[in-house]
$ cat structure-v2.cif   # mmCIF, C-alpha atoms
data_work
loop_
_atom_site.label_atom_id
_atom_site.label_comp_id
_atom_site.auth_asym_id
_atom_site.auth_seq_id
_atom_site.Cartn_x
_atom_site.Cartn_y
_atom_site.Cartn_z
CA MET A 1 48.45 125.94 103.65
CA LYS A 2 50.47 124.82 106.65
CA LYS A 3 50.09 121.25 105.51
CA LEU A 4 51.31 122.12 102.07
CA LEU A 5 54.39 123.90 103.44
CA SER A 6 55.36 121.04 105.71
CA GLY A 7 54.79 118.69 102.80
CA LEU A 8 57.19 120.74 100.68
CA ALA A 9 59.71 120.77 103.51
CA LEU A 10 59.56 116.98 103.68
CA LEU A 11 60.10 116.74 99.96
CA ALA A 12 63.07 119.07 100.23
CA LEU A 13 64.75 117.12 103.04
CA PRO A 14 66.50 114.50 100.90
CA MET A 15 67.67 117.30 98.63
CA ILE A 16 69.21 119.10 101.57
CA SER A 17 71.09 116.00 102.72
CA PHE A 18 72.21 115.45 99.12
CA ALA A 19 73.40 119.02 98.89
CA ALA A 20 75.59 118.46 101.95
CA VAL A 21 77.88 116.36 99.76
CA PRO A 22 79.65 118.84 97.49
CA SER A 23 80.11 118.35 93.77
CA TRP A 24 83.50 118.80 92.15
CA ASN A 25 84.79 119.73 88.72
CA ILE A 26 87.98 118.03 87.59
CA VAL A 27 90.78 120.40 86.58
CA PRO A 28 92.12 118.51 83.53
CA SER A 29 95.41 120.39 83.29
CA GLN A 30 96.36 119.32 86.82
CA SER A 31 94.94 115.81 86.69
CA SER A 32 96.44 112.71 85.14
CA LEU A 33 95.73 109.06 84.62
CA SER A 34 98.76 106.95 83.78
CA PHE A 35 99.69 103.29 83.64
CA SER A 36 102.74 101.11 83.59
CA ALA A 37 102.68 97.71 81.93
CA THR A 38 105.55 95.24 81.60
CA GLN A 39 106.81 94.03 78.24
CA ASN A 40 109.96 91.93 77.78
CA GLY A 41 110.84 92.53 81.42
CA ALA A 42 110.86 96.31 81.01
CA PRO A 43 108.22 98.96 81.72
CA VAL A 44 105.93 100.42 79.07
CA LYS A 45 104.45 103.67 80.32
CA GLY A 46 101.51 105.60 79.05
CA GLU A 47 98.59 107.78 79.96
CA PHE A 48 95.03 108.66 79.02
CA LYS A 49 94.97 112.31 78.11
CA THR A 50 91.19 112.76 78.26
CA PHE A 51 88.84 111.76 81.04
CA THR A 52 85.84 113.34 82.70
CA GLY A 53 84.03 112.71 85.92
CA ASP A 54 81.00 113.27 88.12
CA ILE A 55 82.29 113.62 91.62
CA GLN A 56 80.14 114.13 94.70
CA GLY A 57 82.13 113.57 97.77
CA THR A 58 83.38 114.64 101.15
CA PRO A 59 85.44 112.82 103.77
CA GLU A 60 82.74 113.84 106.28
CA ASP A 61 80.11 111.81 104.49
CA LEU A 62 81.69 108.84 102.76
CA LYS A 63 78.40 106.99 102.71
CA ASN A 64 76.85 109.52 100.36
CA SER A 65 79.97 110.10 98.30
CA HIS A 66 79.81 108.97 94.72
CA VAL A 67 82.31 109.06 91.88
CA LYS A 68 81.95 108.27 88.22
CA ILE A 69 84.98 108.59 85.93
CA MET A 70 84.76 108.22 82.17
CA VAL A 71 88.00 107.64 80.31
CA ASP A 72 88.34 108.34 76.60
CA LEU A 73 90.32 105.26 75.56
CA GLY A 74 91.18 106.85 72.22
CA SER A 75 93.27 109.37 74.15
CA VAL A 76 95.75 106.65 75.13
CA SER A 77 99.29 107.83 74.63
CA THR A 78 102.61 106.10 75.18
CA THR A 79 106.18 107.07 74.39
CA ASP A 80 106.04 104.87 71.28
CA LYS A 81 103.60 105.64 68.46
CA ASP A 82 103.31 102.00 67.34
CA VAL A 83 102.38 100.96 70.86
CA SER A 84 99.81 103.78 71.17
CA ASN A 85 98.20 102.90 67.85
CA THR A 86 98.16 99.19 68.61
CA LEU A 87 96.39 99.81 71.93
CA LYS A 88 93.50 101.43 70.02
CA THR A 89 92.93 98.42 67.74
CA ALA A 90 90.27 95.72 68.06
CA ASP A 91 92.68 93.37 69.87
CA TRP A 92 93.27 95.85 72.67
CA PHE A 93 90.82 98.60 73.70
CA ASP A 94 88.84 98.37 70.45
CA ILE A 95 87.99 102.06 70.61
CA THR A 96 85.57 101.92 67.67
CA HIS A 97 83.26 99.61 69.65
CA PHE A 98 84.19 100.65 73.19
CA PRO A 99 85.30 104.27 73.12
CA LYS A 100 85.08 104.77 76.87
CA ALA A 101 86.06 103.02 80.08
CA THR A 102 83.93 103.78 83.13
CA PHE A 103 84.69 103.54 86.81
CA ILE A 104 81.83 103.94 89.28
CA ALA A 105 82.69 104.01 92.96
CA ASP A 106 80.22 104.39 95.81
CA ASN A 107 81.84 102.43 98.59
CA PHE A 108 84.50 104.51 100.32
CA THR A 109 86.47 103.42 103.39
CA LYS A 110 88.90 105.39 105.48
CA THR A 111 92.05 103.33 106.05
CA GLY A 112 94.33 105.86 107.77
CA GLY A 113 94.89 109.53 108.54
CA ASN A 114 94.27 110.68 104.99
CA THR A 115 94.21 107.37 103.14
CA TYR A 116 91.10 105.76 101.75
CA THR A 117 89.90 103.01 99.49
CA ALA A 118 87.25 103.39 96.83
CA ALA A 119 85.53 100.18 95.84
CA GLY A 120 83.53 100.16 92.67
CA LYS A 121 83.10 98.71 89.25
CA LEU A 122 85.34 99.27 86.28
CA THR A 123 84.11 98.69 82.75
CA ILE A 124 86.62 98.27 79.92
CA ARG A 125 85.44 96.87 76.59
CA ASP A 126 82.39 94.70 77.45
CA LYS A 127 83.68 93.56 80.82
CA THR A 128 82.64 95.01 84.18
CA ILE A 129 84.74 93.93 87.14
CA PRO A 130 84.91 95.06 90.78
CA VAL A 131 88.00 97.19 91.37
CA THR A 132 89.31 98.90 94.48
CA LEU A 133 91.49 102.00 94.36
CA ASN A 134 93.78 103.15 97.14
CA PHE A 135 94.06 106.89 97.42
CA VAL A 136 95.49 109.67 99.50
CA LEU A 137 93.44 112.77 100.14
CA LYS A 138 96.28 115.26 99.97
CA ASP A 139 94.16 118.35 100.18
CA TYR A 140 90.58 118.92 101.10
CA SER A 141 90.30 122.51 102.09
CA GLY A 142 87.88 125.11 100.93
CA ASN A 143 87.40 124.81 97.23
CA THR A 144 90.05 122.30 96.17
CA LEU A 145 90.26 118.57 96.21
CA ASP A 146 93.64 116.93 95.62
CA ILE A 147 93.87 113.16 95.38
CA THR A 148 96.55 110.73 94.25
CA GLY A 149 95.90 107.05 93.99
CA THR A 150 96.84 103.70 92.57
CA THR A 151 95.43 100.34 91.68
CA THR A 152 96.57 97.24 89.86
CA LEU A 153 94.52 95.71 87.07
CA GLN A 154 94.74 92.43 85.24
CA ARG A 155 94.42 93.35 81.59
CA THR A 156 93.29 89.90 80.40
CA ALA A 157 90.31 89.96 82.80
CA PHE A 158 88.98 92.81 80.64
CA GLY A 159 89.91 91.11 77.39
CA VAL A 160 92.58 93.77 76.77
CA GLY A 161 94.89 91.84 74.47
CA GLN A 162 93.03 89.31 72.33
CA GLY A 163 94.35 86.27 70.48
CA ASP A 164 98.14 85.99 70.72
CA TRP A 165 98.22 89.18 72.77
CA SER A 166 96.45 87.40 75.64
CA LYS A 167 99.70 85.51 76.33
CA THR A 168 101.20 86.94 79.47
CA ASP A 169 104.80 85.70 79.26
CA SER A 170 106.21 88.66 77.37
CA ILE A 171 103.45 91.21 78.04
CA LYS A 172 102.51 90.74 81.66
CA ASP A 173 98.93 90.55 82.87
CA LYS A 174 99.37 93.08 85.66
CA VAL A 175 99.14 96.76 84.84
CA ALA A 176 99.81 99.38 87.48
CA VAL A 177 97.56 102.44 87.33
CA GLN A 178 98.35 105.80 88.95
CA PHE A 179 96.20 108.88 89.03
CA THR A 180 96.22 112.45 90.26
CA LEU A 181 92.91 114.20 90.56
CA LYS A 182 92.61 117.90 91.15
CA ALA A 183 89.11 119.32 91.34
CA SER A 184 87.46 122.57 92.31
CA LYS A 185 84.15 122.91 94.09
CA ALA A 186 81.27 123.21 91.64
CA MET B 1 145.62 75.05 75.34
CA LEU B 2 146.89 78.61 75.52
CA ILE B 3 144.89 81.15 77.47
CA LYS B 4 146.61 84.21 76.02
CA ASN B 5 147.63 84.95 72.46
CA THR B 6 151.10 84.21 71.10
CA GLN B 7 152.85 85.51 67.99
CA THR B 8 151.60 82.55 65.99
CA GLN B 9 148.30 81.53 67.57
CA TYR B 10 145.24 83.07 69.21
CA GLY B 11 144.63 81.97 72.83
CA ILE B 12 141.48 80.20 73.99
CA VAL B 13 139.83 83.35 75.40
CA ASN B 14 140.21 85.21 72.13
CA LYS B 15 139.00 82.22 70.09
CA PHE B 16 136.01 81.69 72.33
CA LEU B 17 135.00 85.37 72.18
CA HIS B 18 135.55 85.51 68.43
CA TRP B 19 133.32 82.55 67.58
CA LEU B 20 130.70 83.20 70.25
CA MET B 21 130.28 86.80 69.11
CA ALA B 22 130.35 85.77 65.43
CA LEU B 23 127.46 83.41 66.12
CA ILE B 24 125.46 85.97 68.09
CA ILE B 25 126.11 88.74 65.56
CA ILE B 26 125.05 86.61 62.56
CA GLY B 27 121.90 85.66 64.47
CA MET B 28 121.27 89.29 65.41
CA LEU B 29 121.63 90.51 61.80
CA ALA B 30 119.24 87.83 60.54
CA LEU B 31 116.78 88.48 63.37
CA GLY B 32 116.98 92.24 62.88
CA LEU B 33 116.31 92.04 59.14
CA TYR B 34 113.45 89.57 59.70
CA MET B 35 111.64 91.16 62.62
CA SER B 36 111.69 94.77 61.39
CA ASP B 37 109.54 93.81 58.38
CA LEU B 38 106.95 91.91 60.41
CA PRO B 39 103.56 93.54 60.98
CA ILE B 40 103.01 94.36 64.66
CA SER B 41 102.20 91.25 66.67
CA GLU B 42 102.96 89.59 69.98
CA LEU B 43 105.70 87.62 68.21
CA LYS B 44 107.28 90.77 66.77
CA LEU B 45 107.47 92.45 70.18
CA ARG B 46 108.88 89.27 71.74
CA LEU B 47 111.57 89.12 69.04
CA TYR B 48 112.42 92.78 69.68
CA GLY B 49 112.84 91.91 73.36
CA ILE B 50 115.25 89.08 72.50
CA HIS B 51 117.13 91.34 70.05
CA LYS B 52 117.61 93.97 72.78
CA GLU B 53 118.82 91.42 75.36
CA PHE B 54 121.40 89.95 73.02
CA GLY B 55 122.42 93.45 71.91
CA ILE B 56 123.27 94.35 75.49
CA LEU B 57 125.12 91.02 75.83
CA ILE B 58 127.21 91.92 72.75
CA LEU B 59 128.03 95.30 74.27
CA MET B 60 129.23 93.61 77.48
CA LEU B 61 131.26 91.00 75.57
CA VAL B 62 132.93 93.54 73.28
CA MET B 63 133.94 95.69 76.26
CA PHE B 64 135.68 92.68 77.78
CA ARG B 65 137.10 91.73 74.38
CA ILE B 66 138.65 95.13 73.75
CA VAL B 67 140.33 95.05 77.17
CA TRP B 68 141.62 91.54 76.42
CA ARG B 69 142.82 92.64 73.01
CA ILE B 70 144.74 95.61 74.42
CA GLY B 71 146.31 93.40 77.10
CA ASN B 72 147.41 90.77 74.57
CA ILE B 73 149.75 90.56 71.64
CA VAL B 74 148.13 89.81 68.32
CA PRO B 75 149.53 86.98 66.17
CA LEU B 76 151.66 88.37 63.35
CA LEU B 77 150.46 88.14 59.79
CA PRO B 78 152.66 86.05 57.43
CA PRO B 79 155.60 88.16 56.09
CA THR B 80 154.56 87.35 52.52
CA ILE B 81 151.42 89.50 52.82
CA PRO B 82 151.70 92.86 50.96
CA ALA B 83 151.56 96.01 53.09
CA TRP B 84 148.22 97.14 51.68
CA GLN B 85 146.61 93.82 52.65
CA LYS B 86 148.01 94.12 56.20
CA PHE B 87 146.57 97.59 56.40
CA ALA B 88 143.23 96.36 55.01
CA ALA B 89 143.12 93.46 57.48
CA HIS B 90 143.72 95.77 60.45
CA ALA B 91 141.28 98.36 59.12
CA VAL B 92 138.57 95.70 58.78
CA HIS B 93 139.29 94.39 62.31
CA TRP B 94 138.98 97.83 63.86
CA MET B 95 135.87 98.57 61.81
CA LEU B 96 134.32 95.36 63.14
CA TYR B 97 135.15 96.48 66.70
CA GLY B 98 133.56 99.82 65.87
CA PHE B 99 130.37 98.11 64.66
CA MET B 100 130.31 95.86 67.73
CA PHE B 101 130.10 99.02 69.85
CA ALA B 102 128.03 101.18 67.50
CA MET B 103 125.29 98.61 66.82
CA PRO B 104 124.24 98.00 70.44
CA ILE B 105 124.70 101.65 71.43
CA THR B 106 122.52 102.97 68.58
CA GLY B 107 120.01 100.20 69.36
CA TRP B 108 119.98 101.24 73.01
CA LEU B 109 119.57 104.90 71.96
CA MET B 110 116.75 103.85 69.61
CA THR B 111 114.79 101.99 72.25
CA SER B 112 115.48 104.77 74.75
CA ALA B 113 114.01 107.30 72.31
CA ALA B 114 110.93 105.05 72.04
CA GLY B 115 110.66 105.06 75.85
CA LEU B 116 111.08 101.28 75.97
CA PRO B 117 114.25 100.61 77.97
CA PRO B 118 115.91 97.23 77.36
CA SER B 119 115.82 94.44 79.90
CA PHE B 120 118.81 92.13 80.36
CA PHE B 121 117.19 88.67 80.26
CA GLY B 122 114.74 89.73 82.95
CA LEU B 123 117.59 90.22 85.44
CA PHE B 124 117.58 94.00 85.35
CA THR B 125 116.33 96.86 83.23
CA LEU B 126 118.89 99.19 81.73
CA PRO B 127 118.44 102.94 82.10
CA SER B 128 117.21 105.01 79.18
CA LEU B 129 120.10 106.90 77.58
CA ILE B 130 117.86 109.73 76.35
CA ALA B 131 114.32 110.95 76.97
CA PRO B 132 111.56 109.69 74.66
CA ASN B 133 111.67 111.63 71.41
CA ASP B 134 109.95 110.62 68.19
CA ALA B 135 112.32 112.50 65.85
CA LEU B 136 115.41 110.99 67.49
CA PHE B 137 113.73 107.58 67.44
CA LYS B 138 113.37 107.82 63.65
CA LEU B 139 116.95 109.09 63.30
CA PHE B 140 118.42 106.21 65.34
CA ILE B 141 116.34 103.68 63.36
CA GLU B 142 118.04 105.00 60.20
CA ILE B 143 121.52 104.97 61.75
CA HIS B 144 121.06 101.49 63.25
CA THR B 145 119.80 100.15 59.89
CA TRP B 146 122.64 101.65 57.84
CA LEU B 147 125.22 100.50 60.37
CA ALA B 148 123.79 96.99 59.96
CA TYR B 149 124.30 97.17 56.18
CA GLY B 150 127.83 98.48 56.77
CA LEU B 151 128.51 95.65 59.19
CA ILE B 152 127.28 93.05 56.70
CA ALA B 153 129.63 94.47 54.02
CA THR B 154 132.61 94.58 56.41
CA PHE B 155 131.78 91.11 57.71
CA GLY B 156 131.73 89.90 54.08
CA ALA B 157 135.22 91.34 53.50
CA HIS B 158 136.48 89.69 56.71
CA VAL B 159 135.06 86.25 55.84
CA GLY B 160 136.13 86.55 52.19
CA ALA B 161 139.72 87.38 53.18
CA ALA B 162 139.84 84.50 55.69
CA LEU B 163 138.61 82.05 53.03
CA LYS B 164 141.09 83.45 50.49
CA HIS B 165 143.96 82.79 52.93
CA GLN B 166 142.72 79.27 53.57
CA PHE B 167 141.97 78.13 50.04
CA ILE B 168 143.99 80.37 47.69
CA ASN B 169 147.08 81.41 49.69
CA LYS B 170 146.94 78.15 51.67
CA ASP B 171 148.57 79.81 54.70
CA ASP B 172 147.70 79.44 58.38
CA VAL B 173 145.88 82.75 58.87
CA LEU B 174 142.43 81.15 59.40
CA ARG B 175 143.81 78.17 61.33
CA ARG B 176 145.21 80.49 64.02
CA MET B 177 141.66 81.27 65.05
CA LEU B 178 140.44 77.65 65.00
#

$ encode --input "structure-v2.cif" --output "structure tokens"
Amino acid sequence: MKKLLSGLALLALPMISFAAVPSWNIVPSQSSLSFSATQNGAPVKGEFKTFTGDIQGTPEDLKNSHVKIMVDLGSVSTTDKDVSNTLKTADWFDITHFPKATFIADNFTKTGGNTYTAAGKLTIRDKTIPVTLNFVLKDYSGNTLDITGTTTLQRTAFGVGQGDWSKTDSIKDKVAVQFTLKASKA
Amino acid sequence: MLIKNTQTQYGIVNKFLHWLMALIIIGMLALGLYMSDLPISELKLRLYGIHKEFGILILMLVMFRIVWRIGNIVPLLPPTIPAWQKFAAHAVHWMLYGFMFAMPITGWLMTSAAGLPPSFFGLFTLPSLIAPNDALFKLFIEIHTWLAYGLIATFGAHVGAALKHQFINKDDVLRRML
């Protein structure tokens, strides 16, 4: 009986260490994922209205922190309807074949007082490429997590913009991405 | 070569602005009619970018031109011209000035309403005049389009009258601008 109990305790140990990293639920109404591309020398701004995530993380245990974000590419929205609709077509995100983009990060580094980087892999269409986000942990107290961050992507590396659209003279390759993530403790 | 206008001849500044803007405006009308019917493509968006840049250039040129016009005398029309034709000539001139302002401004409003501010040849980006708004975007498309048709008609009257003076009246009205 004693043996069995200690055996159970051993089995439970990794679960306890796992449980030390809290899970978080994204608050969609207070979170956003936006981008700014450059067309004809001027900005084109938009956002993805729908995204979900599995977040297990704490600044006290970066090693065991893990984030997976899934972005509904069909929820892309810009100020111009033609631009929004074009982004959903086969030449751009091709949402019929690739409805979601995924970002998986499990390599977090503290770079300053409350600044961090999250290295991971971003999948858009059929391309998976290492991407690093810079983010600021604005609030980590009690039950709320408040993060803002940025990264820069090269759209053509993901095949976003096929054929003529892959030209980068009038629609630039670089796309700036900004996000705000508010989450409550699960 | 005269810089400023006289009672009988337009000066070099006025001539240069007149023909430069005529060339740009004809190109802009042709480009506008062509590109708006294209299906969406990289080329279409690139042409829209060029159209916006030249539109802003026209707005800058016409602002300078109106100042120059106010600070200059305008060559007199031949005394043989009937009063109604003088009135028509001036009305057409001022309508053309009106279009030269109204076309770029409604275009700027249009692209502002689409949330796509115009760039000036990559040198700087102009501010948006209004916040993105789909209903206003559609409204300014209509206004910009109808102004273009109005401009084409007025432009036709202007060119027709100039040719009439040259080949029917055989006076020096057109030559003053050459």

$ closest_residue --input "structure-v2.cif" --among "B:Phe137, B:Phe167, B:Trp94, B:Tyr149" --to "chain A" --atoms "only C-alpha atoms"
B:Phe137

$ residues_around --input "structure-v2.cif" --residues "His93 of chain B" --least-positions-apart "6" --cutoff "12 Å" --atoms "all atoms listed in the file" --output "ChimeraX atom specification"
/B:18,66,69,74,86-87,99-100,151,154-155,157-159,161-162

$ resolve_selection --input "structure-v2.cif" --expression "the PyMOL selection byres ((chain A and resi 25-39) around 6)" --output "PyMOL selection string"
chain A and resi 24+40-48+170-172+175-184+186

$ resolve_selection --input "structure-v2.cif" --expression "the PyMOL selection byres ((chain A and resi 90-95) around 8)" --output "list of chain:residue names"
A:Leu73, A:Gly74, A:Thr86, A:Leu87, A:Lys88, A:Thr89, A:Thr96, A:His97, A:Phe98, A:Pro99, A:Lys100, A:Ile124, A:Arg125, A:Gly159, A:Val160, A:Gly161, A:Gln162, A:Gly163, A:Trp165

$ interface_residues --input "structure-v2.cif" --of "chain B" --to "chain A" --cutoff "12 Å" --atoms "all atoms listed in the file" --output "VMD selection string"
chain B and resid 39 to 53 110 to 128 131 to 138

$ residues_around --input "structure-v2.cif" --residues "segment 51-53 of chain A" --least-positions-apart "4" --cutoff "6 Å" --atoms "all atoms listed in the file" --output "ChimeraX atom specification"
/A:68-72

$ resolve_selection --input "structure-v2.cif" --expression "the PyMOL selection byres ((chain A and resi 21) around 7)" --output "list in words"
Phe18, Ala19, Ala20, Pro22, Ser23, Gln56, Gly57, Thr58, Asp61, Asn64 and Ser65 of chain A

$ write_last_selection --input "structure-v2.cif" --atoms "C-alpha atoms" --output "JSON list (two decimals), in the frame of the given file"
[["chain", "number", "residue", "atom", "x", "y", "z"],
["A", 18, "PHE", "CA", 72.21, 115.45, 99.12],
["A", 19, "ALA", "CA", 73.40, 119.02, 98.89],
["A", 20, "ALA", "CA", 75.59, 118.46, 101.95],
["A", 22, "PRO", "CA", 79.65, 118.84, 97.49],
["A", 23, "SER", "CA", 80.11, 118.35, 93.77],
["A", 56, "GLN", "CA", 80.14, 114.13, 94.70],
["A", 57, "GLY", "CA", 82.13, 113.57, 97.77],
["A", 58, "THR", "CA", 83.38, 114.64, 101.15],
["A", 61, "ASP", "CA", 80.11, 111.81, 104.49],
["A", 64, "ASN", "CA", 76.85, 109.52, 100.36],
["A", 65, "SER", "CA", 79.97, 110.10, 98.30]]

$ atom_distance --input "structure-v2.cif" --atom1 "atom CA of Leu145 of chain A" --atom2 "atom CA of Leu122 of chain A"
22.3 Å

$ atom_distance --input "structure-v2.cif" --atom1 "atom CA of Ile147 of chain A" --atom2 "atom CA of Phe135 of chain A"
6.6 Å

$ atom_distance --input "structure-v2.cif" --atom1 "atom CA of Ala148 of chain B" --atom2 "atom CA of Val62 of chain B"
16.5 Å

$ closest_residue --input "structure-v2.cif" --among "B:Leu2, B:Ile130, B:Ile143, B:Met35" --to "Lys15 of chain B" --atoms "all atoms listed in the file"
B:Leu2

$ closest_residue --input "structure-v2.cif" --among "A:Ser75, A:Lys63, A:Thr156, A:Lys110" --to "Val136 of chain A" --atoms "all atoms listed in the file"
A:Lys110

$ residues_around --input "structure-v2.cif" --residues "Thr117 of chain A" --least-positions-apart "3" --cutoff "10 Å" --atoms "all atoms listed in the file" --output "NGL selection string"
:A and (105 or 107-112 or 120 or 132-136 or 149-151)

$ axis_aligned_box --input "structure-v2.cif" --around "segment 146-155 of chain A" --padding-each-side "6 Å" --output "JSON"
{"center_x": 95.2, "center_y": 104.7, "center_z": 88.6, "size_x": 15.2, "size_y": 36.5, "size_z": 26.0}

$ residues_around --input "structure-v2.cif" --residues "Leu178 of chain B" --least-positions-apart "4" --cutoff "12 Å" --atoms "all atoms listed in the file" --output "list of chain:residue names"
B:Met1, B:Gln9, B:Tyr10, B:Gly11, B:Ile12, B:Val13, B:Asn14, B:Lys15, B:Phe16, B:Leu17, B:His18, B:Trp19, B:Ala162, B:Gln166, B:Asp172, B:Val173, B:Leu174
